[in-house]
>>> print(open('target05.txt').read())   # compact mmCIF, C-alpha atoms
# COMPACT_ATOMS: atom_id res chain seq x y z
CA MET A 59 -68.39 -103.58 -27.24
CA SER A 60 -70.28 -100.30 -27.68
CA LEU A 61 -68.40 -97.09 -27.03
CA LEU A 62 -70.82 -96.18 -24.23
CA LYS A 63 -69.91 -99.38 -22.40
CA THR A 64 -66.25 -98.41 -22.70
CA VAL A 65 -66.82 -94.82 -21.55
CA PHE A 66 -68.71 -95.93 -18.46
CA ASN A 67 -66.67 -99.10 -17.93
CA CYS A 68 -69.62 -101.44 -17.47
CA ASP A 69 -71.65 -103.94 -19.45
CA GLY A 70 -74.85 -101.94 -19.17
CA PRO A 71 -74.67 -98.17 -18.64
CA VAL A 72 -77.88 -96.76 -17.18
CA ALA A 73 -79.77 -93.92 -18.84
CA LEU A 74 -82.76 -91.98 -17.48
CA ILE A 75 -84.65 -90.01 -20.13
CA THR A 76 -87.39 -87.66 -18.98
CA GLY A 77 -90.36 -87.17 -21.26
CA SER A 78 -89.77 -90.47 -23.06
CA GLY A 79 -93.18 -92.09 -22.68
CA ALA A 80 -94.86 -90.65 -25.76
CA PRO A 81 -93.47 -91.56 -29.22
CA ARG A 82 -91.52 -88.35 -29.76
CA VAL A 83 -87.91 -87.20 -29.43
CA GLY A 84 -87.40 -88.53 -25.90
CA ARG A 85 -88.55 -92.00 -26.95
CA GLU A 86 -86.14 -92.00 -29.91
CA ILE A 87 -83.28 -91.00 -27.60
CA ALA A 88 -84.14 -93.92 -25.31
CA THR A 89 -84.17 -96.27 -28.30
CA GLU A 90 -80.81 -94.99 -29.56
CA LEU A 91 -79.20 -95.50 -26.17
CA ALA A 92 -80.75 -98.95 -25.77
CA ARG A 93 -79.46 -99.88 -29.23
CA ASN A 94 -76.00 -98.99 -27.98
CA GLY A 95 -76.05 -101.15 -24.89
CA CYS A 96 -77.75 -99.04 -22.22
CA ARG A 97 -80.28 -100.06 -19.64
CA ILE A 98 -83.16 -97.62 -19.79
CA ALA A 99 -85.36 -95.76 -17.33
CA LEU A 100 -88.22 -94.22 -19.27
CA HIS A 101 -90.22 -91.40 -17.73
CA ALA A 102 -93.80 -90.37 -18.35
CA ASN A 103 -96.36 -88.16 -16.70
CA THR A 104 -99.64 -89.03 -18.47
CA SER A 105 -98.29 -91.39 -21.18
CA VAL A 106 -97.68 -94.22 -18.72
CA ASP A 107 -99.29 -96.96 -20.83
CA ALA A 108 -97.30 -95.90 -23.89
CA ALA A 109 -94.12 -95.90 -21.79
CA GLY A 110 -94.85 -99.41 -20.56
CA GLN A 111 -95.31 -100.61 -24.12
CA ALA A 112 -92.06 -98.89 -25.10
CA ALA A 113 -90.22 -100.59 -22.23
CA ASP A 114 -91.45 -103.98 -23.45
CA GLU A 115 -90.35 -103.17 -27.01
CA LEU A 116 -86.89 -102.10 -25.87
CA THR A 117 -86.50 -105.25 -23.81
CA ARG A 118 -87.52 -107.50 -26.69
CA GLY A 119 -85.71 -105.58 -29.41
CA TYR A 120 -82.40 -104.88 -27.70
CA GLN A 121 -82.30 -107.40 -24.85
CA CYS A 122 -81.89 -104.53 -22.39
CA ASP A 123 -83.49 -104.00 -19.03
CA ALA A 124 -86.03 -101.17 -19.03
CA ILE A 125 -88.25 -99.66 -16.37
CA VAL A 126 -90.87 -96.90 -16.32
CA THR A 127 -90.81 -94.01 -13.87
CA GLN A 128 -93.82 -91.74 -13.53
CA GLY A 129 -94.61 -88.30 -12.19
CA SER A 130 -95.39 -84.69 -12.98
CA LEU A 131 -92.25 -82.56 -13.16
CA GLU A 132 -94.29 -79.69 -11.73
CA ASP A 133 -93.97 -81.54 -8.41
CA GLU A 134 -90.68 -80.49 -6.80
CA GLY A 135 -90.14 -83.93 -5.28
CA VAL A 136 -90.46 -85.89 -8.52
CA PRO A 137 -86.97 -85.32 -9.99
CA GLN A 138 -85.24 -86.78 -6.93
CA ARG A 139 -87.68 -89.69 -6.88
CA LEU A 140 -87.06 -90.51 -10.56
CA VAL A 141 -83.33 -90.70 -9.90
CA ASN A 142 -83.85 -92.73 -6.74
CA GLU A 143 -86.07 -95.24 -8.55
CA THR A 144 -83.55 -95.58 -11.38
CA VAL A 145 -80.63 -96.19 -9.01
CA SER A 146 -82.72 -98.58 -6.92
CA ALA A 147 -83.50 -100.64 -10.03
CA PHE A 148 -80.04 -100.62 -11.63
CA GLY A 149 -77.53 -99.68 -8.94
CA ARG A 150 -76.04 -96.74 -10.87
CA LEU A 151 -76.83 -93.82 -13.18
CA ASP A 152 -74.56 -92.93 -16.09
CA ILE A 153 -76.71 -90.78 -18.37
CA LEU A 154 -79.50 -88.29 -17.74
CA VAL A 155 -81.33 -86.73 -20.66
CA ASN A 156 -83.66 -83.86 -19.77
CA SER A 157 -86.07 -84.23 -22.68
CA ALA A 158 -89.42 -83.39 -21.04
CA ALA A 159 -90.90 -80.02 -21.97
CA ILE A 160 -94.18 -78.26 -22.63
CA TRP A 161 -94.88 -76.08 -25.66
CA SER A 162 -98.11 -74.41 -26.73
CA PRO A 163 -98.88 -71.08 -28.47
CA THR A 164 -100.40 -68.27 -26.43
CA PRO A 165 -100.82 -64.67 -27.66
CA ILE A 166 -98.70 -62.42 -25.48
CA GLY A 167 -101.69 -60.48 -24.22
CA GLU A 168 -103.11 -63.69 -22.77
CA VAL A 169 -99.95 -64.91 -21.04
CA THR A 170 -100.45 -65.02 -17.29
CA ALA A 171 -97.90 -65.09 -14.51
CA ALA A 172 -99.11 -68.60 -13.67
CA GLU A 173 -98.40 -69.76 -17.23
CA MET A 174 -94.91 -68.25 -17.13
CA ARG A 175 -94.22 -70.01 -13.85
CA ARG A 176 -95.48 -73.34 -15.22
CA TYR A 177 -93.13 -73.14 -18.21
CA PHE A 178 -90.18 -72.46 -15.93
CA GLU A 179 -91.20 -75.15 -13.45
CA ILE A 180 -91.32 -77.89 -16.10
CA ASN A 181 -88.82 -76.74 -18.73
CA THR A 182 -86.17 -75.20 -16.49
CA VAL A 183 -86.46 -75.89 -12.77
CA ALA A 184 -87.27 -79.58 -13.21
CA ALA A 185 -84.28 -80.00 -15.52
CA PHE A 186 -82.08 -78.36 -12.89
CA LEU A 187 -83.41 -80.58 -10.10
CA CYS A 188 -83.05 -83.76 -12.19
CA ALA A 189 -79.49 -82.79 -13.09
CA ARG A 190 -78.54 -82.05 -9.48
CA ALA A 191 -80.02 -85.32 -8.25
CA ALA A 192 -78.23 -87.23 -11.01
CA ALA A 193 -74.92 -85.49 -10.26
CA ASP A 194 -75.16 -86.56 -6.62
CA VAL A 195 -75.03 -90.16 -7.86
CA MET A 196 -72.50 -89.56 -10.64
CA SER A 197 -70.08 -87.78 -8.32
CA GLU A 198 -69.60 -91.05 -6.42
CA GLN A 199 -68.88 -93.02 -9.60
CA THR A 200 -65.33 -93.23 -10.94
CA THR A 201 -66.62 -92.83 -14.48
CA GLY A 202 -68.85 -89.88 -13.54
CA GLY A 203 -71.68 -89.45 -15.98
CA SER A 204 -73.17 -87.48 -18.85
CA ILE A 205 -76.08 -85.08 -18.52
CA VAL A 206 -77.69 -83.82 -21.73
CA ASN A 207 -80.30 -81.08 -21.73
CA LEU A 208 -82.61 -80.38 -24.65
CA GLY A 209 -82.81 -76.72 -25.59
CA ASP A 210 -84.24 -75.12 -28.72
CA TRP A 211 -82.50 -73.56 -31.73
CA ALA A 212 -85.24 -70.91 -31.97
CA THR A 213 -84.25 -69.13 -28.78
CA VAL A 214 -82.06 -67.05 -31.14
CA ARG A 215 -85.03 -66.28 -33.44
CA PRO A 216 -88.20 -66.80 -31.39
CA TYR A 217 -91.54 -67.63 -32.98
CA LEU A 218 -94.59 -65.44 -32.49
CA ASP A 219 -97.03 -66.40 -29.71
CA HIS A 220 -94.47 -68.30 -27.61
CA ALA A 221 -93.33 -65.52 -25.28
CA ALA A 222 -93.91 -67.74 -22.23
CA TYR A 223 -92.07 -70.74 -23.68
CA PHE A 224 -88.87 -69.21 -25.02
CA PRO A 225 -87.56 -67.66 -21.79
CA SER A 226 -87.79 -71.07 -20.13
CA LYS A 227 -85.82 -72.67 -22.96
CA GLY A 228 -83.34 -69.81 -23.28
CA ALA A 229 -82.33 -70.47 -19.69
CA ILE A 230 -81.24 -74.00 -20.63
CA ASP A 231 -78.11 -72.75 -22.44
CA VAL A 232 -76.84 -70.82 -19.43
CA MET A 233 -77.84 -73.57 -17.02
CA THR A 234 -75.92 -76.12 -19.09
CA ARG A 235 -72.70 -74.12 -18.87
CA SER A 236 -73.18 -73.35 -15.18
CA LEU A 237 -73.86 -76.96 -14.22
CA ALA A 238 -70.90 -78.16 -16.28
CA VAL A 239 -68.67 -76.01 -14.08
CA GLU A 240 -70.44 -76.93 -10.85
CA PHE A 241 -70.45 -80.70 -11.35
CA ALA A 242 -66.93 -80.97 -12.78
CA SER A 243 -65.68 -79.41 -9.55
CA ARG A 244 -67.11 -82.44 -7.75
CA ASN A 245 -66.02 -85.07 -10.26
CA ALA A 246 -64.15 -84.15 -13.45
CA ALA A 247 -65.77 -87.11 -15.22
CA ILE A 248 -69.23 -85.51 -15.05
CA ARG A 249 -70.13 -83.64 -18.23
CA VAL A 250 -73.14 -81.44 -18.96
CA ASN A 251 -74.07 -80.56 -22.53
CA CYS A 252 -77.10 -79.46 -24.50
CA VAL A 253 -78.70 -80.35 -27.84
CA LYS A 254 -80.77 -77.63 -29.53
CA PRO A 255 -83.10 -79.28 -32.05
CA GLY A 256 -84.31 -77.46 -35.14
CA PRO A 257 -87.43 -78.38 -37.15
CA VAL A 258 -87.98 -82.08 -36.50
CA LEU A 259 -91.02 -84.33 -36.14
CA LEU A 260 -93.58 -82.17 -37.89
CA ALA A 261 -97.17 -83.01 -37.08
CA ASP A 262 -99.05 -85.03 -39.70
CA GLU A 263 -101.53 -82.20 -40.21
CA VAL A 264 -98.89 -79.69 -41.33
CA PRO A 265 -99.86 -78.72 -44.91
CA ASP A 266 -97.52 -79.69 -47.74
CA GLN A 267 -96.94 -76.02 -48.66
CA GLN A 268 -95.80 -75.20 -45.11
CA ARG A 269 -93.67 -78.33 -45.03
CA LEU A 270 -91.89 -77.24 -48.21
CA LYS A 271 -91.29 -73.78 -46.75
CA LEU A 272 -89.75 -75.34 -43.66
CA CYS A 273 -87.54 -77.55 -45.81
CA ALA A 274 -86.32 -74.45 -47.65
CA SER A 275 -85.50 -72.77 -44.33
CA THR A 276 -82.59 -75.12 -43.65
CA LEU A 277 -79.22 -75.28 -45.37
CA THR A 278 -79.72 -79.02 -45.81
CA GLY A 279 -83.01 -78.47 -47.63
CA GLY A 280 -84.98 -80.82 -45.44
CA ILE A 281 -86.65 -81.44 -42.10
CA GLY A 282 -84.77 -83.27 -39.40
CA THR A 283 -85.81 -86.41 -37.60
CA ALA A 284 -85.90 -87.46 -33.98
CA GLY A 285 -83.07 -89.79 -34.95
CA HIS A 286 -80.82 -86.83 -35.76
CA VAL A 287 -81.38 -85.49 -32.26
CA ALA A 288 -80.85 -88.90 -30.66
CA HIS A 289 -77.57 -89.39 -32.52
CA ALA A 290 -76.32 -86.03 -31.23
CA VAL A 291 -77.25 -87.00 -27.68
CA ARG A 292 -75.29 -90.24 -28.01
CA PHE A 293 -72.28 -88.36 -29.37
CA LEU A 294 -72.29 -86.04 -26.36
CA CYS A 295 -72.47 -89.06 -24.05
CA GLU A 296 -69.62 -90.81 -25.84
CA ASN A 297 -67.14 -87.96 -26.25
CA THR A 298 -65.43 -87.44 -22.89
CA PHE A 299 -63.70 -84.22 -24.00
CA VAL A 300 -66.87 -82.25 -24.77
CA ASN A 301 -68.30 -80.34 -21.83
CA GLY A 302 -70.50 -77.25 -21.49
CA VAL A 303 -71.48 -77.24 -25.18
CA CYS A 304 -74.86 -76.20 -26.62
CA LEU A 305 -75.06 -77.98 -29.98
CA PRO A 306 -77.63 -76.93 -32.60
CA VAL A 307 -79.00 -79.88 -34.55
CA ASP A 308 -81.01 -77.81 -36.96
CA GLY A 309 -79.76 -78.29 -40.51
CA GLY A 310 -78.17 -74.85 -40.35
CA ARG A 311 -81.47 -73.14 -39.49
CA SER A 312 -79.94 -70.93 -36.79
CA ILE A 313 -77.41 -69.39 -39.18
CA TYR A 314 -79.52 -69.20 -42.33
CA SER A 315 -82.62 -67.43 -43.57
CA PRO A 316 -84.08 -68.17 -47.03
CA ASP A 317 -84.73 -64.49 -47.76
CA GLY A 318 -82.05 -64.25 -50.43
CA LEU A 319 -79.97 -61.76 -48.51
CA GLN A 320 -77.30 -64.33 -47.73
CA VAL A 321 -77.24 -65.95 -51.13
CA GLY A 322 -77.78 -63.97 -54.33
CA GLU A 323 -78.79 -60.57 -52.98
CA ASN A 324 -75.98 -59.96 -50.54
CA THR A 325 -74.34 -56.56 -50.99
CA GLY A 326 -71.08 -57.21 -49.16
>>> encode(input="target05.txt", output="structure tokens")
Amino acid sequence: MSLLKTVFNCDGPVALITGSGAPRVGREIATELARNGCRIALHANTSVDAAGQAADELTRGYQCDAIVTQGSLEDEGVPQRLVNETVSAFGRLDILVNSAAIWSPTPIGEVTAAEMRRYFEINTVAAFLCARAAADVMSEQTTGGSIVNLGDWATVRPYLDHAAYFPSKGAIDVMTRSLAVEFASRNAAIRVNCVKPGPVLLADEVPDQQRLKLCASTLTGGIGTAGHVAHAVRFLCENTFVNGVCLPVDGGRSIYSPDGLQVGENTG
């Protein structure tokens, strides 16, 4: 029996993963959880066809039940509906992974108030609303549940031209800790944690020279994979004594800079 089945005391724990339609990190998290015995609710906004194909693949590959939920997280009513549809299909909800996010460079002089609001609506507010709706279900379950938010390692060292994005992701750390306290007061078996991915899933068009520079920017000397992130999510779902943690999965990127000042040129 998988550890997740033991933690949630059922033959098929139920996991809802937002932003899991397209073949990126959210999809890999869904696959990892399906591989470990979960029934899966995928979520997509525009990638509905891809999500349907993924649901079929999960069903065939892991003999798990899988459904597709759909909706724009800019719509305030969608988070509650996603949870409702998941519970209606499976009768419970054990895991929520807030993976959906938007990310696009904009020079700071071109950032509008509307763009700032959109980043917060999708990356922050929607995650809050999904978590609250999930906790309403989990609070009635003896085994509670696990909520995992996806943050970003680079909130500690933000990239240029993402001044609208990073505030929305920086809020995830604080929200994770706050919700861990809030939900545990309702049911001590509800846990809220966060994974902060580093450089993973580089686009195919990234030049080899830039790829090598990114590899050198980590202590591990390489780029991570969506699988590294998915494994960390599963760990946080399995370990019932970890709560309120924001875990970098970044190869050491957040503590290291390849400028020589830490190694070789340090002066004490």
>>> atom_distance(input="target05.txt", atom1="CA of Ala238 in chain A", atom2="CA of Asn301 in chain A")
6.5 Å
>>> residues_near_point(input="target05.txt", point="(-72.0, -75.5, -16.9)", cutoff="7 Å", atoms="all atoms listed in the file", output="PDB file with C-alpha atoms, in the coordinates of the input")
ATOM      1  CA  MET A 233     -77.840 -73.570 -17.020  1.00  0.00           C
ATOM      2  CA  THR A 234     -75.920 -76.120 -19.090  1.00  0.00           C
ATOM      3  CA  ARG A 235     -72.700 -74.120 -18.870  1.00  0.00           C
ATOM      4  CA  SER A 236     -73.180 -73.350 -15.180  1.00  0.00           C
ATOM      5  CA  LEU A 237     -73.860 -76.960 -14.220  1.00  0.00           C
ATOM      6  CA  ALA A 238     -70.900 -78.160 -16.280  1.00  0.00           C
ATOM      7  CA  VAL A 239     -68.670 -76.010 -14.080  1.00  0.00           C
ATOM      8  CA  GLU A 240     -70.440 -76.930 -10.850  1.00  0.00           C
ATOM      9  CA  VAL A 250     -73.140 -81.440 -18.960  1.00  0.00           C
ATOM     10  CA  GLY A 302     -70.500 -77.250 -21.490  1.00  0.00           C
TER      11      GLY A 302
END
>>> residues_near_point(input="target05.txt", point="(-94.6, -72.6, -24.1)", cutoff="10 Å", atoms="all atoms listed in the file", output="MDAnalysis selection string")
chainID A and resid 159:164 169 173:174 176:178 181 219:227
>>> residues_around(input="target05.txt", residues="range 282-293 of chain A", least_positions_apart="5", cutoff="10 Å", atoms="all atoms listed in the file", output="ChimeraX atom specification")
/A:61-62,81-91,94,153,155,204-208,251-260,273,276,298,300,305-309
>>> atom_distance(input="target05.txt", atom1="CA of Lys63 in chain A", atom2="CA of Arg139 in chain A")
25.5 Å
>>> closest_residue(input="target05.txt", among="A:Ala113, A:Glu168, A:Glu296, A:Leu277", to="Gln320 in chain A", atoms="only C-alpha atoms")
A:Leu277
>>> atom_distance(input="target05.txt", atom1="CA of Glu143 in chain A", atom2="CA of Val126 in chain A")
9.3 Å
>>> closest_residue(input="target05.txt", among="A:Asp317, A:Asp114, A:Asp152, A:Glu132", to="Asp69 in chain A", atoms="all atoms listed in the file")
A:Asp152
>>> closest_residue(input="target05.txt", among="A:Gln267, A:Ser197, A:Asn156, A:Thr170", to="Val183 in chain A", atoms="all atoms listed in the file")
A:Asn156
>>> residues_around(input="target05.txt", residues="Ser312 in chain A", least_positions_apart="6", cutoff="8 Å", atoms="only C-alpha atoms", output="ChimeraX atom specification")
/A:211-212,214-215,306
>>> closest_residue(input="target05.txt", among="A:Ala247, A:Cys304, A:Ala172, A:Met196", to="Ala229 in chain A", atoms="all atoms listed in the file")
A:Cys304
>>> closest_residue(input="target05.txt", among="A:Gln128, A:Gly79, A:Ile313, A:Tyr120", to="Ala108 in chain A", atoms="only C-alpha atoms")
A:Gly79
>>> residues_around(input="target05.txt", residues="Val106 in chain A", least_positions_apart="4", cutoff="10 Å", atoms="all atoms listed in the file", output="list in words")
Ser78, Gly79, Ala80, Leu100, His101, Ala102, Gly110, Gln111, Ala112, Val126, Thr127, Gln128 and Gly129 of chain A
>>> closest_residue(input="target05.txt", among="A:Gly280, A:Pro316, A:Gly77, A:Gly209", to="Pro137 in chain A", atoms="all atoms listed in the file")
A:Gly77
>>> decode(input="target05.txt", residues="range 287-324 of chain A", atoms="N, CA and C atoms", output="mmCIF file, in the first residue's frame")
data_model
loop_
_atom_site.group_PDB
_atom_site.id
_atom_site.type_symbol
_atom_site.label_atom_id
_atom_site.label_comp_id
_atom_site.auth_asym_id
_atom_site.auth_seq_id
_atom_site.Cartn_x
_atom_site.Cartn_y
_atom_site.Cartn_z
ATOM 1 N N VAL A 287 10.141 18.662 -8.488
ATOM 2 C CA VAL A 287 9.092 19.422 -7.815
ATOM 3 C C VAL A 287 7.971 18.492 -7.368
ATOM 4 N N ALA A 288 7.576 17.588 -8.247
ATOM 5 C CA ALA A 288 6.488 16.657 -7.932
ATOM 6 C C ALA A 288 6.850 15.769 -6.744
ATOM 7 N N HIS A 289 8.087 15.319 -6.681
ATOM 8 C CA HIS A 289 8.521 14.485 -5.559
ATOM 9 C C HIS A 289 8.422 15.251 -4.248
ATOM 10 N N ALA A 290 8.800 16.538 -4.280
ATOM 11 C CA ALA A 290 8.710 17.362 -3.068
ATOM 12 C C ALA A 290 7.260 17.547 -2.637
ATOM 13 N N VAL A 291 6.369 17.721 -3.597
ATOM 14 C CA VAL A 291 4.947 17.838 -3.278
ATOM 15 C C VAL A 291 4.458 16.571 -2.591
ATOM 16 N N ARG A 292 4.834 15.429 -3.145
ATOM 17 C CA ARG A 292 4.402 14.155 -2.537
ATOM 18 C C ARG A 292 4.941 14.019 -1.117
ATOM 19 N N PHE A 293 6.203 14.385 -0.914
ATOM 20 C CA PHE A 293 6.774 14.324 0.430
ATOM 21 C C PHE A 293 5.950 15.152 1.415
ATOM 22 N N LEU A 294 5.574 16.363 1.020
ATOM 23 C CA LEU A 294 4.812 17.223 1.913
ATOM 24 C C LEU A 294 3.419 16.661 2.180
ATOM 25 N N CYS A 295 2.880 15.910 1.234
ATOM 26 C CA CYS A 295 1.582 15.261 1.452
ATOM 27 C C CYS A 295 1.717 14.051 2.371
ATOM 28 N N GLU A 296 2.855 13.388 2.302
ATOM 29 C CA GLU A 296 3.042 12.153 3.064
ATOM 30 C C GLU A 296 3.446 12.401 4.512
ATOM 31 N N ASN A 297 4.226 13.434 4.756
ATOM 32 C CA ASN A 297 4.798 13.646 6.086
ATOM 33 C C ASN A 297 3.826 14.448 6.945
ATOM 34 N N THR A 298 3.203 13.786 7.903
ATOM 35 C CA THR A 298 2.144 14.414 8.697
ATOM 36 C C THR A 298 2.670 15.323 9.801
ATOM 37 N N PHE A 299 3.999 15.454 9.925
ATOM 38 C CA PHE A 299 4.566 16.320 10.959
ATOM 39 C C PHE A 299 5.258 17.545 10.363
ATOM 40 N N VAL A 300 4.978 17.824 9.096
ATOM 41 C CA VAL A 300 5.501 19.021 8.432
ATOM 42 C C VAL A 300 4.326 19.924 8.111
ATOM 43 N N ASN A 301 4.358 21.124 8.667
ATOM 44 C CA ASN A 301 3.248 22.062 8.464
ATOM 45 C C ASN A 301 3.784 23.491 8.470
ATOM 46 N N GLY A 302 3.300 24.309 7.524
ATOM 47 C CA GLY A 302 3.697 25.710 7.465
ATOM 48 C C GLY A 302 5.076 25.946 6.897
ATOM 49 N N VAL A 303 5.595 24.987 6.134
ATOM 50 C CA VAL A 303 6.961 25.053 5.602
ATOM 51 C C VAL A 303 6.954 25.546 4.161
ATOM 52 N N CYS A 304 7.934 26.392 3.817
ATOM 53 C CA CYS A 304 8.160 26.815 2.437
ATOM 54 C C CYS A 304 9.495 26.221 1.996
ATOM 55 N N LEU A 305 9.438 25.198 1.166
ATOM 56 C CA LEU A 305 10.597 24.376 0.838
ATOM 57 C C LEU A 305 11.161 24.725 -0.531
ATOM 58 N N PRO A 306 12.376 25.304 -0.589
ATOM 59 C CA PRO A 306 13.009 25.525 -1.899
ATOM 60 C C PRO A 306 13.427 24.197 -2.531
ATOM 61 N N VAL A 307 13.088 24.023 -3.775
ATOM 62 C CA VAL A 307 13.550 22.871 -4.555
ATOM 63 C C VAL A 307 14.283 23.473 -5.743
ATOM 64 N N ASP A 308 15.523 23.876 -5.480
ATOM 65 C CA ASP A 308 16.213 24.769 -6.413
ATOM 66 C C ASP A 308 17.688 24.438 -6.616
ATOM 67 N N GLY A 309 18.115 23.259 -6.178
ATOM 68 C CA GLY A 309 19.505 22.893 -6.342
ATOM 69 C C GLY A 309 20.474 23.775 -5.584
ATOM 70 N N GLY A 310 19.963 24.484 -4.581
ATOM 71 C CA GLY A 310 20.809 25.395 -3.811
ATOM 72 C C GLY A 310 20.880 26.795 -4.385
ATOM 73 N N ARG A 311 20.068 27.071 -5.403
ATOM 74 C CA ARG A 311 20.131 28.374 -6.097
ATOM 75 C C ARG A 311 19.891 29.555 -5.161
ATOM 76 N N SER A 312 19.004 29.385 -4.185
ATOM 77 C CA SER A 312 18.648 30.516 -3.322
ATOM 78 C C SER A 312 19.736 30.862 -2.325
ATOM 79 N N ILE A 313 20.709 29.977 -2.122
ATOM 80 C CA ILE A 313 21.787 30.280 -1.169
ATOM 81 C C ILE A 313 23.136 30.452 -1.848
ATOM 82 N N TYR A 314 23.153 30.386 -3.171
ATOM 83 C CA TYR A 314 24.441 30.343 -3.875
ATOM 84 C C TYR A 314 24.421 31.263 -5.086
ATOM 85 N N SER A 315 25.552 31.938 -5.309
ATOM 86 C CA SER A 315 25.749 32.716 -6.520
ATOM 87 C C SER A 315 27.113 32.364 -7.099
ATOM 88 N N PRO A 316 27.199 32.065 -8.391
ATOM 89 C CA PRO A 316 28.467 31.623 -8.989
ATOM 90 C C PRO A 316 29.382 32.798 -9.336
ATOM 91 N N ASP A 317 29.499 33.752 -8.410
ATOM 92 C CA ASP A 317 30.341 34.920 -8.675
ATOM 93 C C ASP A 317 31.732 34.784 -8.065
ATOM 94 N N GLY A 318 31.995 33.637 -7.441
ATOM 95 C CA GLY A 318 33.295 33.391 -6.848
ATOM 96 C C GLY A 318 33.465 33.918 -5.441
ATOM 97 N N LEU A 319 32.549 34.749 -4.996
ATOM 98 C CA LEU A 319 32.718 35.365 -3.687
ATOM 99 C C LEU A 319 32.443 34.399 -2.546
ATOM 100 N N GLN A 320 31.714 33.328 -2.835
ATOM 101 C CA GLN A 320 31.479 32.323 -1.806
ATOM 102 C C GLN A 320 32.554 31.238 -1.816
ATOM 103 N N VAL A 321 33.083 30.983 -2.989
ATOM 104 C CA VAL A 321 34.057 29.910 -3.131
ATOM 105 C C VAL A 321 35.279 30.469 -3.873
ATOM 106 N N GLY A 322 36.410 30.577 -3.204
ATOM 107 C CA GLY A 322 37.631 30.967 -3.874
ATOM 108 C C GLY A 322 38.064 32.405 -3.642
ATOM 109 N N GLU A 323 37.115 33.326 -3.603
ATOM 110 C CA GLU A 323 37.442 34.731 -3.431
ATOM 111 C C GLU A 323 36.898 35.311 -2.129
ATOM 112 N N ASN A 324 36.360 34.432 -1.297
ATOM 113 C CA ASN A 324 35.819 34.917 -0.027
ATOM 114 C C ASN A 324 36.944 35.445 0.864
#
